[in-house]
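Trainee: Encoded as structure tokens, here's the structure I'll be asking about.
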Amino acid sequence: MGVFHAIQAAFTTGEISPAVAARIDLEKYKSALLTANNVILRAYGGLYKRPGTIFLGKAKYDDKKCIIVKFSFSFDQEYILELGHLYMRVWKDRAYTGVEVETPWEESLLSKLKFTQSADVMYVCSGDKPIQTISRYSETDWRIDTFDFTNGPFETINLDEDNKITPSAQSGTITLNASKESFNNKFVGSLMKISHYIPSKAVKSNSGIGGSIPVGVTWKVITHGTWAGTVSVEQSTDEGVTWHLLRQYTSNSDYNAVESGDVDDKCLIRANASISSGSVTVDLTAYPYTHEGIVKITEYTSPTQVTATVIDKLGSAEATADWYMGAWNDQHGYPSCATFWNDRLCVANTRKNKQTIWMCRTGDYPNFGVEKAGGEVLDDSAITLPLVSRQVHEVKHLVPLADLIAHTAGAEWSISGGDVVSPSTTKATPQNYRGTNDIEPQLVGNRIIYIQQRGNSVRDLGYSYDVDSYTGIDVTLLAKHLVEQNSIVDVTYAQEPDSLLWFVRNDGKILTLTYLREQDVYAWSLQETNGKFEGVCSINGDMQDDVYFVVNRENGRFIEVLDSYKTLETANNYVFMDSSIIVTSESGTNEVTGLEHLEGQEVRILADGQWHPNLTVTNGKLTLQFSAKHIIVGLPYMAKIQTPNLEMQLKDGTLQGRNKKISKVVLRLYNSLNASIGSNFDLMDDIRFDHYSGSGNVPLFTGDKEVQMPNGGFNNEGRICLKHDCPYPFQLQSIAFEVTLGG
């Protein structure tokens, strides 16, 4: 027999799985828990009961799922977008704005949507439909449009020399006729590139303005004769409407020009001779080139004929076998994910090209065309980058860091481009062979948190100078039981106040990960509610991040927000109920209305800090036993923690397996009130807070609370269980144990 003292000074390991609950040799065992339900673990040691949720309103449909997405116009002006079956609604400042917009996305497509944003335009990819944009023009003016591309990308050139396309004209609305079956109705909306070989052309002129000729790359001018005056070579990029000086030559009967040059883009050129004496002959020549025009297919007629609109003028109306079908259409599919990197819109993964990444021209987001000058591809040209691997692993996500990180179903790749990202410098290098599933990775500082392909591991990824590559760890290693039997359907990151990742499971529960890599903290806890969490999203709040939820409850689907973390010394303004509403009255009231969303349910009530007896909502209202000025009504939930088997190193070895009894504990609390304690959850005593009078402003307790344990006898575990199911805060900083060995 003997009495010993021990302490658990932190809880930064979080909940661990039964498979590792015996690993007393791990340093993290000292700060672990066997149960961490409805609590938030703090990166610097303590834990607190999860705040409750505040009811904001109902989703549009009770019987159809919806998702919520952050739209960030600026740091202090962010919105929540509720996206459901063929609609979008806008929420701001914890309220529905009344703005609703029609969308093209059915309920079945919502889980496939991927988002990226630049300024006040959000780009939405699905893989099954063209990329859409969500644009904010004002608080009440939101628009959803199809993102129109001006150029590219295109499939490889037609390889059948006998299959020629004949356009009916070079511009306007035209008909394309194919010599073989080449079209179907899934090509409507697709771009198409048509190339013609344009032979060399020349024109002679004397005084005045001569005739014009088209130039694709190189031109040449030669003057003959003895003349005084100027000869100008002029250029038009708008089909001869306006002309600009390209070159000018001056002679005083002593000079003739011989010069060639290149143009940046297709245009017309002409000579303009202003002669004061003598005579001149100007030979203006355009060298042969390949003219690439672009059309957009607008109507399907037959396998050999479609109608199209010319976007970039064709070089000829002659038949040509040199044509390229667009890479994105209903036939080949559309990009499934997107991001912005180095001022390029980067997209990836169509139904036909699952491993391909496309990058637009620098700063020209609709342009995925390849531009050349002097036969060389320009540095700011668009880039097409296939990820070459032995197996076809579709690109799931693109994450912009210093390098572009491509997450595929089988590996993680880094795409680097040197100081200037260009077609000649960009290269892709595999980093890990883990694979990623469909849930969007989260950026936490300079690290990426992502879910492995099978969904049973969450990993981080970041650059390591030690190995000169991107690497990371399995942050679920000690808590596999939380992810093994379920899948994750949504995730968000809230930086303030506790660096938390919120993972929604398919069973309607949430896993919360406290993640602070520099302190080696990755601690898990489980959040439950009276209903099912279905979606989560975080945006900037007043002093900390606001975490919004889609919750499927008994009376419908609701949009709710997590109450903020507080450090008040009285209980009145804390919210520790779910789907709650807050009613204030200057003179006091005992009537609470606006509770239709809780109809027929027994609810918890806090009235001026007093725990009012539970009532059942009838006709959307309650009548309290007394009047109050500040009333909170909502659904109850319970917080539970359980410490692992107590471990101490004694003179004769470990404490494991020995009979022992924890007779007394000292709980170091902060702004807390009420709890139950025991060696298991079946035998528990309430902790008394004698300073609480039960009336007036309810004070909270801060300090060391000494508690005698229920007489559960000796056992070989030595665990502490705490339960908190009242509408008050509870924040635990450490537990000190008084242990009797023997029995």
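Following the order of the structure tokens, first chain is A, next is B, and so on, with residues numbered from 1 inside each chain and ligands from 1 in the order they appear.
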Applying 8 Å and only C-alpha atoms, which residues near A:Gly2 remain after dropping the ones on its own chain fewer than 3 positions away? List them as JSON, numbers by chain.

Mentor: {"A": [740, 741, 742]}

Trainee: Find the residues near A:Thr512: any atom within 6 Å, counting only C-alpha atoms, skip ones fewer than 4 places away on the same chain, and give them as a list in words.

Mentor: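 Residues near the query, excluding close chain neighbours: Leu501, Trp502, Trp524 and Ser525 of chain A.
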
Trainee: Could those residues be written to a file, using C-alpha atoms, as a compact mmCIF listing (two decimals), in the first residue's frame?

Mentor:
```
# COMPACT_ATOMS: atom_id res chain seq x y z
CA LEU A 501 -9.83 21.49 -39.04
CA TRP A 502 -13.43 20.32 -39.08
CA TRP A 524 -8.49 14.69 -32.54
CA SER A 525 -11.89 15.02 -30.88
```

Trainee: Report as a list in words all protein, DNA and RNA residues lying within 12 Å of A:Asp343, evaluated on only C-alpha atoms, omitting residues in the same chain fewer than 2 positions from it.

Mentor: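 In the requested format, the answer is Ser118, Thr339, Phe340, Trp341, Leu345, Cys346, Met359, Cys360, Arg361, Thr362, Gly363, Asp364, Tyr365, Asp380, Ala382, Pro400, Val420, Val421 and Ser422 of chain A.
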
Trainee: Which residue gives the smallest distance to A:Val458 among A:Ala406, A:Ile631, A:Met684, A:Leu513, with only C-alpha atoms counted?

Mentor: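 Between A:Ala406, A:Ile631, A:Met684, A:Leu513, the residue approaching A:Val458 most closely is A:Leu513.
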
Trainee: Go through A:Ser564, A:Asn530, A:Ser111, A:Ser182 one by one, measure the shortest atom-to-atom distance of each to A:Val603 using only C-alpha atoms, and give the residue with the smallest value.

Mentor: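 Ranking A:Ser564, A:Asn530, A:Ser111, A:Ser182 by distance to A:Val603, first place goes to A:Asn530.
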